[in-house]
file final28.pdb (PDB, C-alpha atoms and all ligand atoms)
ATOM      1  CA  MET R   1      38.923 310.516 -56.801  1.00  0.00           C
ATOM      2  CA  SER R   2      35.741 311.773 -55.147  1.00  0.00           C
ATOM      3  CA  ALA R   3      35.263 315.453 -54.363  1.00  0.00           C
ATOM      4  CA  ASN R   4      34.707 314.408 -50.764  1.00  0.00           C
ATOM      5  CA  SER R   5      38.178 312.997 -50.454  1.00  0.00           C
ATOM      6  CA  TYR R   6      39.494 316.504 -51.093  1.00  0.00           C
ATOM      7  CA  ASP R   7      37.663 317.582 -47.959  1.00  0.00           C
ATOM      8  CA  LYS R   8      40.039 315.730 -45.682  1.00  0.00           C
ATOM      9  CA  PRO R   9      42.363 318.613 -44.988  1.00  0.00           C
ATOM     10  CA  ASP R  10      44.974 316.545 -43.264  1.00  0.00           C
ATOM     11  CA  PHE R  11      45.342 314.075 -46.113  1.00  0.00           C
ATOM     12  CA  TRP R  12      45.602 316.644 -48.907  1.00  0.00           C
ATOM     13  CA  SER R  13      47.677 319.152 -46.987  1.00  0.00           C
ATOM     14  CA  LYS R  14      50.034 316.354 -45.942  1.00  0.00           C
ATOM     15  CA  LYS R  15      50.221 315.086 -49.529  1.00  0.00           C
ATOM     16  CA  ALA R  16      51.077 318.615 -50.735  1.00  0.00           C
ATOM     17  CA  PHE R  17      53.703 318.959 -48.008  1.00  0.00           C
ATOM     18  CA  SER R  18      55.239 315.570 -48.791  1.00  0.00           C
ATOM     19  CA  GLU R  19      55.451 316.508 -52.468  1.00  0.00           C
ATOM     20  CA  GLY R  20      57.180 319.802 -51.622  1.00  0.00           C
ATOM     21  CA  TYR R  21      54.231 322.171 -52.120  1.00  0.00           C
ATOM     22  CA  PRO R  22      53.361 324.725 -49.442  1.00  0.00           C
ATOM     23  CA  ALA R  23      49.569 324.479 -50.024  1.00  0.00           C
ATOM     24  CA  ARG R  24      46.993 321.961 -51.228  1.00  0.00           C
ATOM     25  CA  SER R  25      45.737 324.458 -53.832  1.00  0.00           C
ATOM     26  CA  VAL R  26      48.385 323.019 -56.168  1.00  0.00           C
ATOM     27  CA  TYR R  27      46.016 320.154 -57.065  1.00  0.00           C
ATOM     28  CA  LYS R  28      43.545 322.616 -58.619  1.00  0.00           C
ATOM     29  CA  LEU R  29      46.201 324.014 -60.951  1.00  0.00           C
ATOM     30  CA  LYS R  30      47.496 320.530 -61.751  1.00  0.00           C
ATOM     31  CA  GLU R  31      43.987 319.403 -62.712  1.00  0.00           C
ATOM     32  CA  MET R  32      43.497 322.448 -64.976  1.00  0.00           C
ATOM     33  CA  ASP R  33      46.933 322.009 -66.552  1.00  0.00           C
ATOM     34  CA  ASP R  34      46.192 318.317 -67.229  1.00  0.00           C
ATOM     35  CA  LYS R  35      42.875 319.240 -68.839  1.00  0.00           C
ATOM     36  CA  PHE R  36      43.786 322.400 -70.779  1.00  0.00           C
ATOM     37  CA  GLY R  37      47.580 322.231 -71.237  1.00  0.00           C
ATOM     38  CA  LEU R  38      48.018 325.649 -69.653  1.00  0.00           C
ATOM     39  CA  ILE R  39      51.809 325.552 -69.225  1.00  0.00           C
ATOM     40  CA  LYS R  40      54.482 324.879 -71.811  1.00  0.00           C
ATOM     41  CA  LYS R  41      58.218 324.543 -71.271  1.00  0.00           C
ATOM     42  CA  SER R  42      60.232 327.781 -71.562  1.00  0.00           C
ATOM     43  CA  TRP R  43      57.147 329.937 -71.170  1.00  0.00           C
ATOM     44  CA  ARG R  44      57.072 333.162 -69.171  1.00  0.00           C
ATOM     45  CA  ILE R  45      54.430 332.973 -66.461  1.00  0.00           C
ATOM     46  CA  LEU R  46      52.814 335.639 -64.288  1.00  0.00           C
ATOM     47  CA  ASP R  47      51.369 334.301 -60.998  1.00  0.00           C
ATOM     48  CA  LEU R  48      49.007 336.788 -59.308  1.00  0.00           C
ATOM     49  CA  GLY R  49      48.124 336.132 -55.654  1.00  0.00           C
ATOM     50  CA  ALA R  50      50.961 333.622 -55.444  1.00  0.00           C
ATOM     51  CA  ALA R  51      51.604 333.089 -51.701  1.00  0.00           C
ATOM     52  CA  PRO R  52      52.476 330.759 -50.107  1.00  0.00           C
ATOM     53  CA  GLY R  53      53.686 329.492 -53.492  1.00  0.00           C
ATOM     54  CA  SER R  54      52.304 326.107 -54.497  1.00  0.00           C
ATOM     55  CA  TRP R  55      51.203 327.312 -57.964  1.00  0.00           C
ATOM     56  CA  THR R  56      54.588 329.012 -58.373  1.00  0.00           C
ATOM     57  CA  THR R  57      56.365 325.781 -57.374  1.00  0.00           C
ATOM     58  CA  PHE R  58      54.255 323.730 -59.799  1.00  0.00           C
ATOM     59  CA  ALA R  59      55.019 326.191 -62.628  1.00  0.00           C
ATOM     60  CA  LEU R  60      58.756 326.149 -61.840  1.00  0.00           C
ATOM     61  CA  ARG R  61      58.752 322.350 -61.927  1.00  0.00           C
ATOM     62  CA  MET R  62      56.929 322.317 -65.264  1.00  0.00           C
ATOM     63  CA  LEU R  63      59.449 324.814 -66.677  1.00  0.00           C
ATOM     64  CA  ASP R  64      62.324 322.677 -65.367  1.00  0.00           C
ATOM     65  CA  GLY R  65      64.848 325.531 -65.314  1.00  0.00           C
ATOM     66  CA  ASN R  66      63.630 327.160 -68.523  1.00  0.00           C
ATOM     67  CA  GLY R  67      61.352 330.164 -68.939  1.00  0.00           C
ATOM     68  CA  HIS R  68      60.533 332.437 -66.017  1.00  0.00           C
ATOM     69  CA  VAL R  69      57.935 332.938 -63.284  1.00  0.00           C
ATOM     70  CA  THR R  70      56.992 336.377 -61.929  1.00  0.00           C
ATOM     71  CA  ALA R  71      55.014 335.985 -58.697  1.00  0.00           C
ATOM     72  CA  ILE R  72      53.158 338.728 -56.815  1.00  0.00           C
ATOM     73  CA  ASP R  73      51.377 338.708 -53.456  1.00  0.00           C
ATOM     74  CA  LEU R  74      50.641 340.883 -50.436  1.00  0.00           C
ATOM     75  CA  SER R  75      52.297 338.146 -48.343  1.00  0.00           C
ATOM     76  CA  PRO R  76      55.732 336.577 -48.795  1.00  0.00           C
ATOM     77  CA  LEU R  77      56.240 333.210 -50.458  1.00  0.00           C
ATOM     78  CA  ALA R  78      57.203 330.261 -48.254  1.00  0.00           C
ATOM     79  CA  LYS R  79      60.937 330.495 -47.645  1.00  0.00           C
ATOM     80  CA  ASP R  80      61.928 327.441 -49.677  1.00  0.00           C
ATOM     81  CA  VAL R  81      60.090 328.687 -52.798  1.00  0.00           C
ATOM     82  CA  LYS R  82      63.022 330.065 -54.738  1.00  0.00           C
ATOM     83  CA  ALA R  83      64.688 329.598 -58.104  1.00  0.00           C
ATOM     84  CA  GLU R  84      66.966 331.501 -60.441  1.00  0.00           C
ATOM     85  CA  ASN R  85      64.098 331.874 -62.905  1.00  0.00           C
ATOM     86  CA  LEU R  86      61.693 333.270 -60.278  1.00  0.00           C
ATOM     87  CA  SER R  87      61.072 336.960 -59.504  1.00  0.00           C
ATOM     88  CA  PHE R  88      58.827 337.816 -56.564  1.00  0.00           C
ATOM     89  CA  PHE R  89      57.253 341.190 -55.780  1.00  0.00           C
ATOM     90  CA  GLN R  90      55.531 341.674 -52.455  1.00  0.00           C
ATOM     91  CA  GLY R  91      52.701 344.181 -52.783  1.00  0.00           C
ATOM     92  CA  ASP R  92      49.171 344.946 -53.866  1.00  0.00           C
ATOM     93  CA  LEU R  93      48.081 343.881 -57.348  1.00  0.00           C
ATOM     94  CA  TYR R  94      46.173 347.161 -57.575  1.00  0.00           C
ATOM     95  CA  ALA R  95      49.336 349.261 -56.980  1.00  0.00           C
ATOM     96  CA  PRO R  96      50.732 351.003 -60.094  1.00  0.00           C
ATOM     97  CA  GLU R  97      54.359 350.227 -59.129  1.00  0.00           C
ATOM     98  CA  ILE R  98      53.545 346.505 -58.831  1.00  0.00           C
ATOM     99  CA  ARG R  99      51.869 346.576 -62.251  1.00  0.00           C
ATOM    100  CA  GLU R 100      54.936 348.317 -63.670  1.00  0.00           C
ATOM    101  CA  ASN R 101      57.304 345.718 -62.162  1.00  0.00           C
ATOM    102  CA  ALA R 102      55.202 342.945 -63.707  1.00  0.00           C
ATOM    103  CA  ARG R 103      55.052 344.716 -67.071  1.00  0.00           C
ATOM    104  CA  LYS R 104      58.846 345.073 -67.267  1.00  0.00           C
ATOM    105  CA  LEU R 105      59.296 341.283 -66.974  1.00  0.00           C
ATOM    106  CA  GLY R 106      56.661 340.509 -69.604  1.00  0.00           C
ATOM    107  CA  PRO R 107      55.208 339.807 -72.025  1.00  0.00           C
ATOM    108  CA  TYR R 108      53.950 336.514 -70.604  1.00  0.00           C
ATOM    109  CA  ASN R 109      52.575 333.322 -72.123  1.00  0.00           C
ATOM    110  CA  LEU R 110      50.410 332.461 -69.112  1.00  0.00           C
ATOM    111  CA  VAL R 111      48.753 334.757 -66.571  1.00  0.00           C
ATOM    112  CA  MET R 112      47.329 332.775 -63.650  1.00  0.00           C
ATOM    113  CA  CYS R 113      45.476 334.356 -60.761  1.00  0.00           C
ATOM    114  CA  ASP R 114      44.474 332.454 -57.633  1.00  0.00           C
ATOM    115  CA  ALA R 115      44.108 335.700 -55.640  1.00  0.00           C
ATOM    116  CA  ALA R 116      41.244 335.715 -53.167  1.00  0.00           C
ATOM    117  CA  PRO R 117      40.041 338.561 -50.979  1.00  0.00           C
ATOM    118  CA  ALA R 118      40.143 338.115 -47.208  1.00  0.00           C
ATOM    119  CA  THR R 119      36.593 336.867 -46.680  1.00  0.00           C
ATOM    120  CA  THR R 120      34.164 338.729 -44.428  1.00  0.00           C
ATOM    121  CA  GLY R 121      31.475 336.032 -44.312  1.00  0.00           C
ATOM    122  CA  ASN R 122      29.131 338.385 -46.172  1.00  0.00           C
ATOM    123  CA  ARG R 123      28.635 336.629 -49.512  1.00  0.00           C
ATOM    124  CA  THR R 124      27.664 339.835 -51.364  1.00  0.00           C
ATOM    125  CA  ILE R 125      30.778 341.701 -50.236  1.00  0.00           C
ATOM    126  CA  ASP R 126      33.107 338.722 -50.765  1.00  0.00           C
ATOM    127  CA  THR R 127      31.743 338.059 -54.267  1.00  0.00           C
ATOM    128  CA  ALA R 128      32.077 341.733 -55.227  1.00  0.00           C
ATOM    129  CA  ARG R 129      35.706 341.829 -54.012  1.00  0.00           C
ATOM    130  CA  SER R 130      36.509 338.621 -55.870  1.00  0.00           C
ATOM    131  CA  SER R 131      34.917 340.092 -58.977  1.00  0.00           C
ATOM    132  CA  GLY R 132      37.161 343.168 -58.629  1.00  0.00           C
ATOM    133  CA  LEU R 133      40.237 340.918 -58.529  1.00  0.00           C
ATOM    134  CA  VAL R 134      39.018 339.064 -61.643  1.00  0.00           C
ATOM    135  CA  GLU R 135      38.637 342.358 -63.489  1.00  0.00           C
ATOM    136  CA  LEU R 136      42.159 343.308 -62.417  1.00  0.00           C
ATOM    137  CA  ALA R 137      43.566 339.944 -63.549  1.00  0.00           C
ATOM    138  CA  ILE R 138      41.884 340.446 -66.942  1.00  0.00           C
ATOM    139  CA  TYR R 139      43.573 343.869 -67.118  1.00  0.00           C
ATOM    140  CA  TYR R 140      46.976 342.183 -66.538  1.00  0.00           C
ATOM    141  CA  ALA R 141      46.171 339.607 -69.225  1.00  0.00           C
ATOM    142  CA  GLU R 142      44.988 342.200 -71.705  1.00  0.00           C
ATOM    143  CA  HIS R 143      48.140 344.309 -71.322  1.00  0.00           C
ATOM    144  CA  MET R 144      50.863 341.750 -70.553  1.00  0.00           C
ATOM    145  CA  LEU R 145      49.917 338.489 -72.255  1.00  0.00           C
ATOM    146  CA  ALA R 146      51.491 337.672 -75.613  1.00  0.00           C
ATOM    147  CA  PRO R 147      49.321 336.485 -78.531  1.00  0.00           C
ATOM    148  CA  GLY R 148      48.561 332.764 -78.138  1.00  0.00           C
ATOM    149  CA  GLY R 149      48.911 332.985 -74.347  1.00  0.00           C
ATOM    150  CA  ASN R 150      46.646 331.357 -71.760  1.00  0.00           C
ATOM    151  CA  PHE R 151      44.821 332.679 -68.712  1.00  0.00           C
ATOM    152  CA  VAL R 152      43.244 331.246 -65.583  1.00  0.00           C
ATOM    153  CA  VAL R 153      41.563 333.155 -62.772  1.00  0.00           C
ATOM    154  CA  LYS R 154      39.705 332.231 -59.597  1.00  0.00           C
ATOM    155  CA  ILE R 155      36.254 333.699 -59.077  1.00  0.00           C
ATOM    156  CA  PHE R 156      33.690 333.356 -56.302  1.00  0.00           C
ATOM    157  CA  GLN R 157      30.549 332.021 -57.977  1.00  0.00           C
ATOM    158  CA  GLY R 158      27.722 334.457 -58.569  1.00  0.00           C
ATOM    159  CA  GLY R 159      28.111 338.140 -59.300  1.00  0.00           C
ATOM    160  CA  ASP R 160      29.636 339.063 -62.618  1.00  0.00           C
ATOM    161  CA  GLN R 161      30.810 335.674 -63.846  1.00  0.00           C
ATOM    162  CA  GLN R 162      28.904 335.893 -67.150  1.00  0.00           C
ATOM    163  CA  ALA R 163      30.180 339.423 -67.833  1.00  0.00           C
ATOM    164  CA  HIS R 164      33.774 338.305 -67.173  1.00  0.00           C
ATOM    165  CA  LEU R 165      33.342 335.309 -69.469  1.00  0.00           C
ATOM    166  CA  LYS R 166      32.041 337.612 -72.181  1.00  0.00           C
ATOM    167  CA  ALA R 167      35.145 339.820 -71.806  1.00  0.00           C
ATOM    168  CA  LEU R 168      37.351 336.723 -72.009  1.00  0.00           C
ATOM    169  CA  ARG R 169      35.617 335.495 -75.171  1.00  0.00           C
ATOM    170  CA  ASN R 170      36.583 338.783 -76.827  1.00  0.00           C
ATOM    171  CA  LEU R 171      40.200 338.388 -75.736  1.00  0.00           C
ATOM    172  CA  PHE R 172      40.741 334.636 -76.271  1.00  0.00           C
ATOM    173  CA  GLU R 173      40.064 332.048 -78.946  1.00  0.00           C
ATOM    174  CA  SER R 174      38.092 330.143 -76.308  1.00  0.00           C
ATOM    175  CA  ALA R 175      36.969 330.789 -72.754  1.00  0.00           C
ATOM    176  CA  ARG R 176      34.959 328.792 -70.228  1.00  0.00           C
ATOM    177  CA  GLY R 177      34.276 328.247 -66.560  1.00  0.00           C
ATOM    178  CA  PHE R 178      35.772 325.205 -64.838  1.00  0.00           C
ATOM    179  CA  LYS R 179      35.450 323.936 -61.278  1.00  0.00           C
ATOM    180  CA  PRO R 180      38.299 321.562 -60.391  1.00  0.00           C
ATOM    181  CA  GLU R 181      37.355 318.529 -58.323  1.00  0.00           C
ATOM    182  CA  ALA R 182      40.060 319.646 -55.933  1.00  0.00           C
ATOM    183  CA  CYS R 183      37.866 322.587 -54.813  1.00  0.00           C
ATOM    184  CA  ARG R 184      36.428 321.695 -51.420  1.00  0.00           C
ATOM    185  CA  THR R 185      32.827 320.484 -51.544  1.00  0.00           C
ATOM    186  CA  GLY R 186      30.546 323.406 -50.791  1.00  0.00           C
ATOM    187  CA  SER R 187      33.207 325.988 -51.661  1.00  0.00           C
ATOM    188  CA  PHE R 188      31.797 328.678 -53.898  1.00  0.00           C
ATOM    189  CA  GLU R 189      35.059 329.298 -55.746  1.00  0.00           C
ATOM    190  CA  THR R 190      35.473 328.314 -59.368  1.00  0.00           C
ATOM    191  CA  TYR R 191      37.828 329.259 -62.223  1.00  0.00           C
ATOM    192  CA  LEU R 192      37.585 330.958 -65.600  1.00  0.00           C
ATOM    193  CA  VAL R 193      39.984 329.751 -68.283  1.00  0.00           C
ATOM    194  CA  GLY R 194      40.962 331.601 -71.471  1.00  0.00           C
ATOM    195  CA  LEU R 195      43.010 329.787 -74.122  1.00  0.00           C
ATOM    196  CA  GLY R 196      44.921 331.329 -77.014  1.00  0.00           C
ATOM    197  CA  LYS R 197      44.978 335.119 -76.676  1.00  0.00           C
ATOM    198  CA  LYS R 198      43.887 336.723 -79.932  1.00  0.00           C
ATOM    199  CA  SER R 199      46.466 338.941 -81.613  1.00  0.00           C
TER     200      SER R 199
HETATM  201  C1  LIG J 201      44.421 331.183 -52.060  1.00  0.00           C
HETATM  202  S1  LIG J 201      45.820 332.179 -51.818  1.00  0.00           S
HETATM  203  C2  LIG J 201      46.818 331.754 -53.202  1.00  0.00           C
HETATM  204  C3  LIG J 201      47.453 330.397 -53.079  1.00  0.00           C
HETATM  205  C4  LIG J 201      48.542 330.168 -54.106  1.00  0.00           C
HETATM  206  N1  LIG J 201      48.009 330.057 -55.454  1.00  0.00           N
HETATM  207  C5  LIG J 201      49.331 328.909 -53.811  1.00  0.00           C
HETATM  208  O1  LIG J 201      49.097 327.928 -54.522  1.00  0.00           O
HETATM  209  O2  LIG J 201      50.142 328.884 -52.890  1.00  0.00           O
HETATM  210  C6  LIG J 201      45.235 333.780 -52.257  1.00  0.00           C
HETATM  211  C7  LIG J 201      46.283 334.866 -52.167  1.00  0.00           C
HETATM  212  O3  LIG J 201      45.757 336.060 -52.781  1.00  0.00           O
HETATM  213  C8  LIG J 201      46.473 337.131 -52.197  1.00  0.00           C
HETATM  214  N2  LIG J 201      45.843 338.417 -52.510  1.00  0.00           N
HETATM  215  C9  LIG J 201      44.553 338.776 -52.317  1.00  0.00           C
HETATM  216  N3  LIG J 201      44.349 340.054 -52.699  1.00  0.00           N
HETATM  217  C10 LIG J 201      45.549 340.516 -53.158  1.00  0.00           C
HETATM  218  C11 LIG J 201      45.979 341.766 -53.692  1.00  0.00           C
HETATM  219  N4  LIG J 201      45.143 342.796 -53.839  1.00  0.00           N
HETATM  220  N5  LIG J 201      47.268 341.889 -54.075  1.00  0.00           N
HETATM  221  C12 LIG J 201      48.132 340.838 -53.935  1.00  0.00           C
HETATM  222  N6  LIG J 201      47.781 339.634 -53.421  1.00  0.00           N
HETATM  223  C13 LIG J 201      46.493 339.464 -53.048  1.00  0.00           C
HETATM  224  C14 LIG J 201      46.459 336.783 -50.710  1.00  0.00           C
HETATM  225  O4  LIG J 201      47.474 337.491 -50.014  1.00  0.00           O
HETATM  226  C15 LIG J 201      46.670 335.267 -50.737  1.00  0.00           C
HETATM  227  O5  LIG J 201      48.010 334.921 -50.503  1.00  0.00           O
END
call {"tool": "encode", "arguments": {"input": "final28.pdb", "output": "structure tokens", "more": "lines below"}}
Ligand SMILES: C[S@@+](CC[C@H](N)C(=O)[O-])C[C@H]1O[C@@H](n2cnc3c(N)ncnc32)[C@H](O)[C@@H]1O
result
Amino acid sequence: MSANSYDKPDFWSKKAFSEGYPARSVYKLKEMDDKFGLIKKSWRILDLGAAPGSWTTFALRMLDGNGHVTAIDLSPLAKDVKAENLSFFQGDLYAPEIRENARKLGPYNLVMCDAAPATTGNRTIDTARSSGLVELAIYYAEHMLAPGGNFVVKIFQGGDQQAHLKALRNLFESARGFKPEACRTGSFETYLVGLGKKS
């Protein structure tokens, strides 16, 4: 599949909709799960920046009624994203009470963060805000991920990517950057992946 074909918003958004996902971003997670085996049945998963809920839906389907997903976002999930093994907290990832809610439902085996700042169009500001969210996601992983657990986080390219990778290499058996084909051509987002949290 060519990267360009992902640029046809109607096709990919319609495909996501027809497969029961509220957003096309699901294909990025699917590609990373196929490549790295991020999700295992009966795992506990923390989804940061989860709305409208396509990553959450994908995780719930992979768990198939086992395990648990804790999802957090400033915005609500799409109304049909619900399951007995899903807990959703609406709020700011930086807020102490949100962190505490997430902590109580941990520890987790996967922390995944697709959170993105509202973009201003100023690349320097947008990259710095994205970098702040990455640092925060690493904080969640450091404090709430069980040994052996996996991590994935979105980052706007540039800025502190190398410093974040260095932090991840201290925390995980392996860590690397990965840009899914499903990212729109020309988009400056990419992902950092950490596998096997060290004990
Ligand atoms: C690209 S969307 C996530 C899409 C989601 N993974 C899905 O597949 O449906 C990015 C999300 O990050 C959320 N976000 C950004 N900053 C946040 C913050 N500080 N706290 C909570 N959510 C945040 C936004 O509200 C937005 O819903």
call {"tool": "closest_residue", "arguments": {"input": "final28.pdb", "among": "R:Ser75, R:Ser42, R:Asn66, R:Thr120", "to": "ligand LIG 201 (chain J)", "atoms": "only C-alpha atoms and all ligand atoms"}}
result
R:Ser75
call {"tool": "residues_around", "arguments": {"input": "final28.pdb", "residues": "Leu48 of chain R", "least_positions_apart": "2", "cutoff": "12 Å", "atoms": "only C-alpha atoms", "output": "PyMOL selection string"}}
result
chain R and resi 45-46+50-53+55-56+69-75+77+88-94+98-99+102+110-116+133-134+136-141+151-154
call {"tool": "atom_distance", "arguments": {"input": "final28.pdb", "atom1": "atom CA of Leu195 of chain R", "atom2": "atom CA of Leu171 of chain R"}}
result
9.2 Å
call {"tool": "axis_aligned_box", "arguments": {"input": "final28.pdb", "around": "ligand LIG 201 (chain J)", "padding_each_side": "5 Å", "output": "lines of an AutoDock Vina configuration file"}}
result
center_x = 47.2
center_y = 335.4
center_z = -52.7
size_x = 15.8
size_y = 24.9
size_z = 15.4
call {"tool": "resolve_selection", "arguments": {"input": "final28.pdb", "expression": "the PyMOL selection byres (((chain R and resi 172) around 7) and not hetatm)", "output": "PyMOL selection string"}}
result
chain R and resi 168-171+173-175+194-198
call {"tool": "write_last_selection", "arguments": {"input": "final28.pdb", "atoms": "C-alpha atoms", "output": "compact mmCIF listing (two decimals), in the coordinates of the input"}}
result
# COMPACT_ATOMS: atom_id res chain seq x y z
CA LEU R 168 37.35 336.72 -72.01
CA ARG R 169 35.62 335.50 -75.17
CA ASN R 170 36.58 338.78 -76.83
CA LEU R 171 40.20 338.39 -75.74
CA GLU R 173 40.06 332.05 -78.95
CA SER R 174 38.09 330.14 -76.31
CA ALA R 175 36.97 330.79 -72.75
CA GLY R 194 40.96 331.60 -71.47
CA LEU R 195 43.01 329.79 -74.12
CA GLY R 196 44.92 331.33 -77.01
CA LYS R 197 44.98 335.12 -76.68
CA LYS R 198 43.89 336.72 -79.93
call {"tool": "closest_atom_pairs", "arguments": {"input": "final28.pdb", "of": "segment 6-94 of chain R", "to": "segment 176-193 of chain R", "cutoff": "12 Å", "atoms": "only C-alpha atoms", "output": "JSON lines"}}
result
{"residue": "R:Tyr6", "atom": "CA", "partner": "R:Ala182", "partner_atom": "CA", "distance": 5.8}
{"residue": "R:Asp7", "atom": "CA", "partner": "R:Arg184", "partner_atom": "CA", "distance": 5.5}
{"residue": "R:Lys8", "atom": "CA", "partner": "R:Arg184", "partner_atom": "CA", "distance": 9.0}
{"residue": "R:Pro9", "atom": "CA", "partner": "R:Arg184", "partner_atom": "CA", "distance": 9.3}
{"residue": "R:Trp12", "atom": "CA", "partner": "R:Ala182", "partner_atom": "CA", "distance": 9.4}
{"residue": "R:Ser13", "atom": "CA", "partner": "R:Ala182", "partner_atom": "CA", "distance": 11.8}
{"residue": "R:Arg24", "atom": "CA", "partner": "R:Ala182", "partner_atom": "CA", "distance": 8.7}
{"residue": "R:Ser25", "atom": "CA", "partner": "R:Ala182", "partner_atom": "CA", "distance": 7.7}
{"residue": "R:Val26", "atom": "CA", "partner": "R:Ala182", "partner_atom": "CA", "distance": 9.0}
{"residue": "R:Tyr27", "atom": "CA", "partner": "R:Ala182", "partner_atom": "CA", "distance": 6.1}
{"residue": "R:Lys28", "atom": "CA", "partner": "R:Ala182", "partner_atom": "CA", "distance": 5.3}
{"residue": "R:Leu29", "atom": "CA", "partner": "R:Pro180", "partner_atom": "CA", "distance": 8.3}
{"residue": "R:Lys30", "atom": "CA", "partner": "R:Pro180", "partner_atom": "CA", "distance": 9.4}
{"residue": "R:Glu31", "atom": "CA", "partner": "R:Pro180", "partner_atom": "CA", "distance": 6.5}
{"residue": "R:Met32", "atom": "CA", "partner": "R:Pro180", "partner_atom": "CA", "distance": 7.0}
{"residue": "R:Asp33", "atom": "CA", "partner": "R:Val193", "partner_atom": "CA", "distance": 10.5}
{"residue": "R:Asp34", "atom": "CA", "partner": "R:Pro180", "partner_atom": "CA", "distance": 10.9}
{"residue": "R:Lys35", "atom": "CA", "partner": "R:Pro180", "partner_atom": "CA", "distance": 9.9}
{"residue": "R:Phe36", "atom": "CA", "partner": "R:Val193", "partner_atom": "CA", "distance": 8.6}
{"residue": "R:Gly37", "atom": "CA", "partner": "R:Val193", "partner_atom": "CA", "distance": 11.1}
{"residue": "R:Leu38", "atom": "CA", "partner": "R:Val193", "partner_atom": "CA", "distance": 9.1}
call {"tool": "resolve_selection", "arguments": {"input": "final28.pdb", "expression": "the PyMOL selection byres (((chain R and resi 144) around 7) and not hetatm)", "output": "list of chain:residue names"}}
result
R:Arg103, R:Gly106, R:Pro107, R:Tyr108, R:Tyr140, R:Ala141, R:Glu142, R:His143, R:Leu145, R:Ala146
call {"tool": "closest_residue", "arguments": {"input": "final28.pdb", "among": "R:Ser199, R:Ala95, R:Lys104, R:Leu63", "to": "ligand LIG 201 (chain J)", "atoms": "only C-alpha atoms and all ligand atoms"}}
result
R:Ala95
call {"tool": "residues_around", "arguments": {"input": "final28.pdb", "residues": "Thr124 of chain R", "least_positions_apart": "6", "cutoff": "12 Å", "atoms": "only C-alpha atoms", "output": "count of residues only"}}
result
7
call {"tool": "build_atoms", "arguments": {"input": "final28.pdb", "residues": "segment 187-199 of chain R", "atoms": "N, CA and C atoms", "output": "PDB file, in the coordinates of the input"}}
result
ATOM      1  N   SER R 187      32.516 324.716 -51.446  1.00  0.00           N
ATOM      2  CA  SER R 187      33.207 325.988 -51.661  1.00  0.00           C
ATOM      3  C   SER R 187      32.566 326.681 -52.849  1.00  0.00           C
ATOM      4  N   PHE R 188      32.441 328.006 -52.782  1.00  0.00           N
ATOM      5  CA  PHE R 188      31.797 328.678 -53.898  1.00  0.00           C
ATOM      6  C   PHE R 188      32.811 329.297 -54.853  1.00  0.00           C
ATOM      7  N   GLU R 189      34.076 328.805 -54.772  1.00  0.00           N
ATOM      8  CA  GLU R 189      35.059 329.298 -55.746  1.00  0.00           C
ATOM      9  C   GLU R 189      35.020 328.427 -57.005  1.00  0.00           C
ATOM     10  N   THR R 190      35.316 329.047 -58.123  1.00  0.00           N
ATOM     11  CA  THR R 190      35.473 328.314 -59.368  1.00  0.00           C
ATOM     12  C   THR R 190      36.520 329.071 -60.203  1.00  0.00           C
ATOM     13  N   TYR R 191      36.773 328.625 -61.410  1.00  0.00           N
ATOM     14  CA  TYR R 191      37.828 329.259 -62.223  1.00  0.00           C
ATOM     15  C   TYR R 191      37.302 329.591 -63.616  1.00  0.00           C
ATOM     16  N   LEU R 192      37.843 330.635 -64.197  1.00  0.00           N
ATOM     17  CA  LEU R 192      37.585 330.958 -65.600  1.00  0.00           C
ATOM     18  C   LEU R 192      38.894 330.733 -66.351  1.00  0.00           C
ATOM     19  N   VAL R 193      38.788 330.109 -67.508  1.00  0.00           N
ATOM     20  CA  VAL R 193      39.984 329.751 -68.283  1.00  0.00           C
ATOM     21  C   VAL R 193      39.861 330.372 -69.676  1.00  0.00           C
ATOM     22  N   GLY R 194      40.898 331.058 -70.115  1.00  0.00           N
ATOM     23  CA  GLY R 194      40.962 331.601 -71.471  1.00  0.00           C
ATOM     24  C   GLY R 194      42.143 330.970 -72.182  1.00  0.00           C
ATOM     25  N   LEU R 195      41.930 330.464 -73.393  1.00  0.00           N
ATOM     26  CA  LEU R 195      43.010 329.787 -74.122  1.00  0.00           C
ATOM     27  C   LEU R 195      43.274 330.480 -75.450  1.00  0.00           C
ATOM     28  N   GLY R 196      44.536 330.764 -75.721  1.00  0.00           N
ATOM     29  CA  GLY R 196      44.921 331.329 -77.014  1.00  0.00           C
ATOM     30  C   GLY R 196      44.520 332.788 -77.149  1.00  0.00           C
ATOM     31  N   LYS R 197      45.313 333.693 -76.573  1.00  0.00           N
ATOM     32  CA  LYS R 197      44.978 335.119 -76.676  1.00  0.00           C
ATOM     33  C   LYS R 197      44.986 335.539 -78.142  1.00  0.00           C
ATOM     34  N   LYS R 198      43.954 336.259 -78.532  1.00  0.00           N
ATOM     35  CA  LYS R 198      43.887 336.723 -79.932  1.00  0.00           C
ATOM     36  C   LYS R 198      44.933 337.803 -80.150  1.00  0.00           C
ATOM     37  N   SER R 199      45.456 337.890 -81.379  1.00  0.00           N
ATOM     38  CA  SER R 199      46.466 338.941 -81.613  1.00  0.00           C
ATOM     39  C   SER R 199      45.771 340.237 -81.954  1.00  0.00           C
TER      40      SER R 199
END
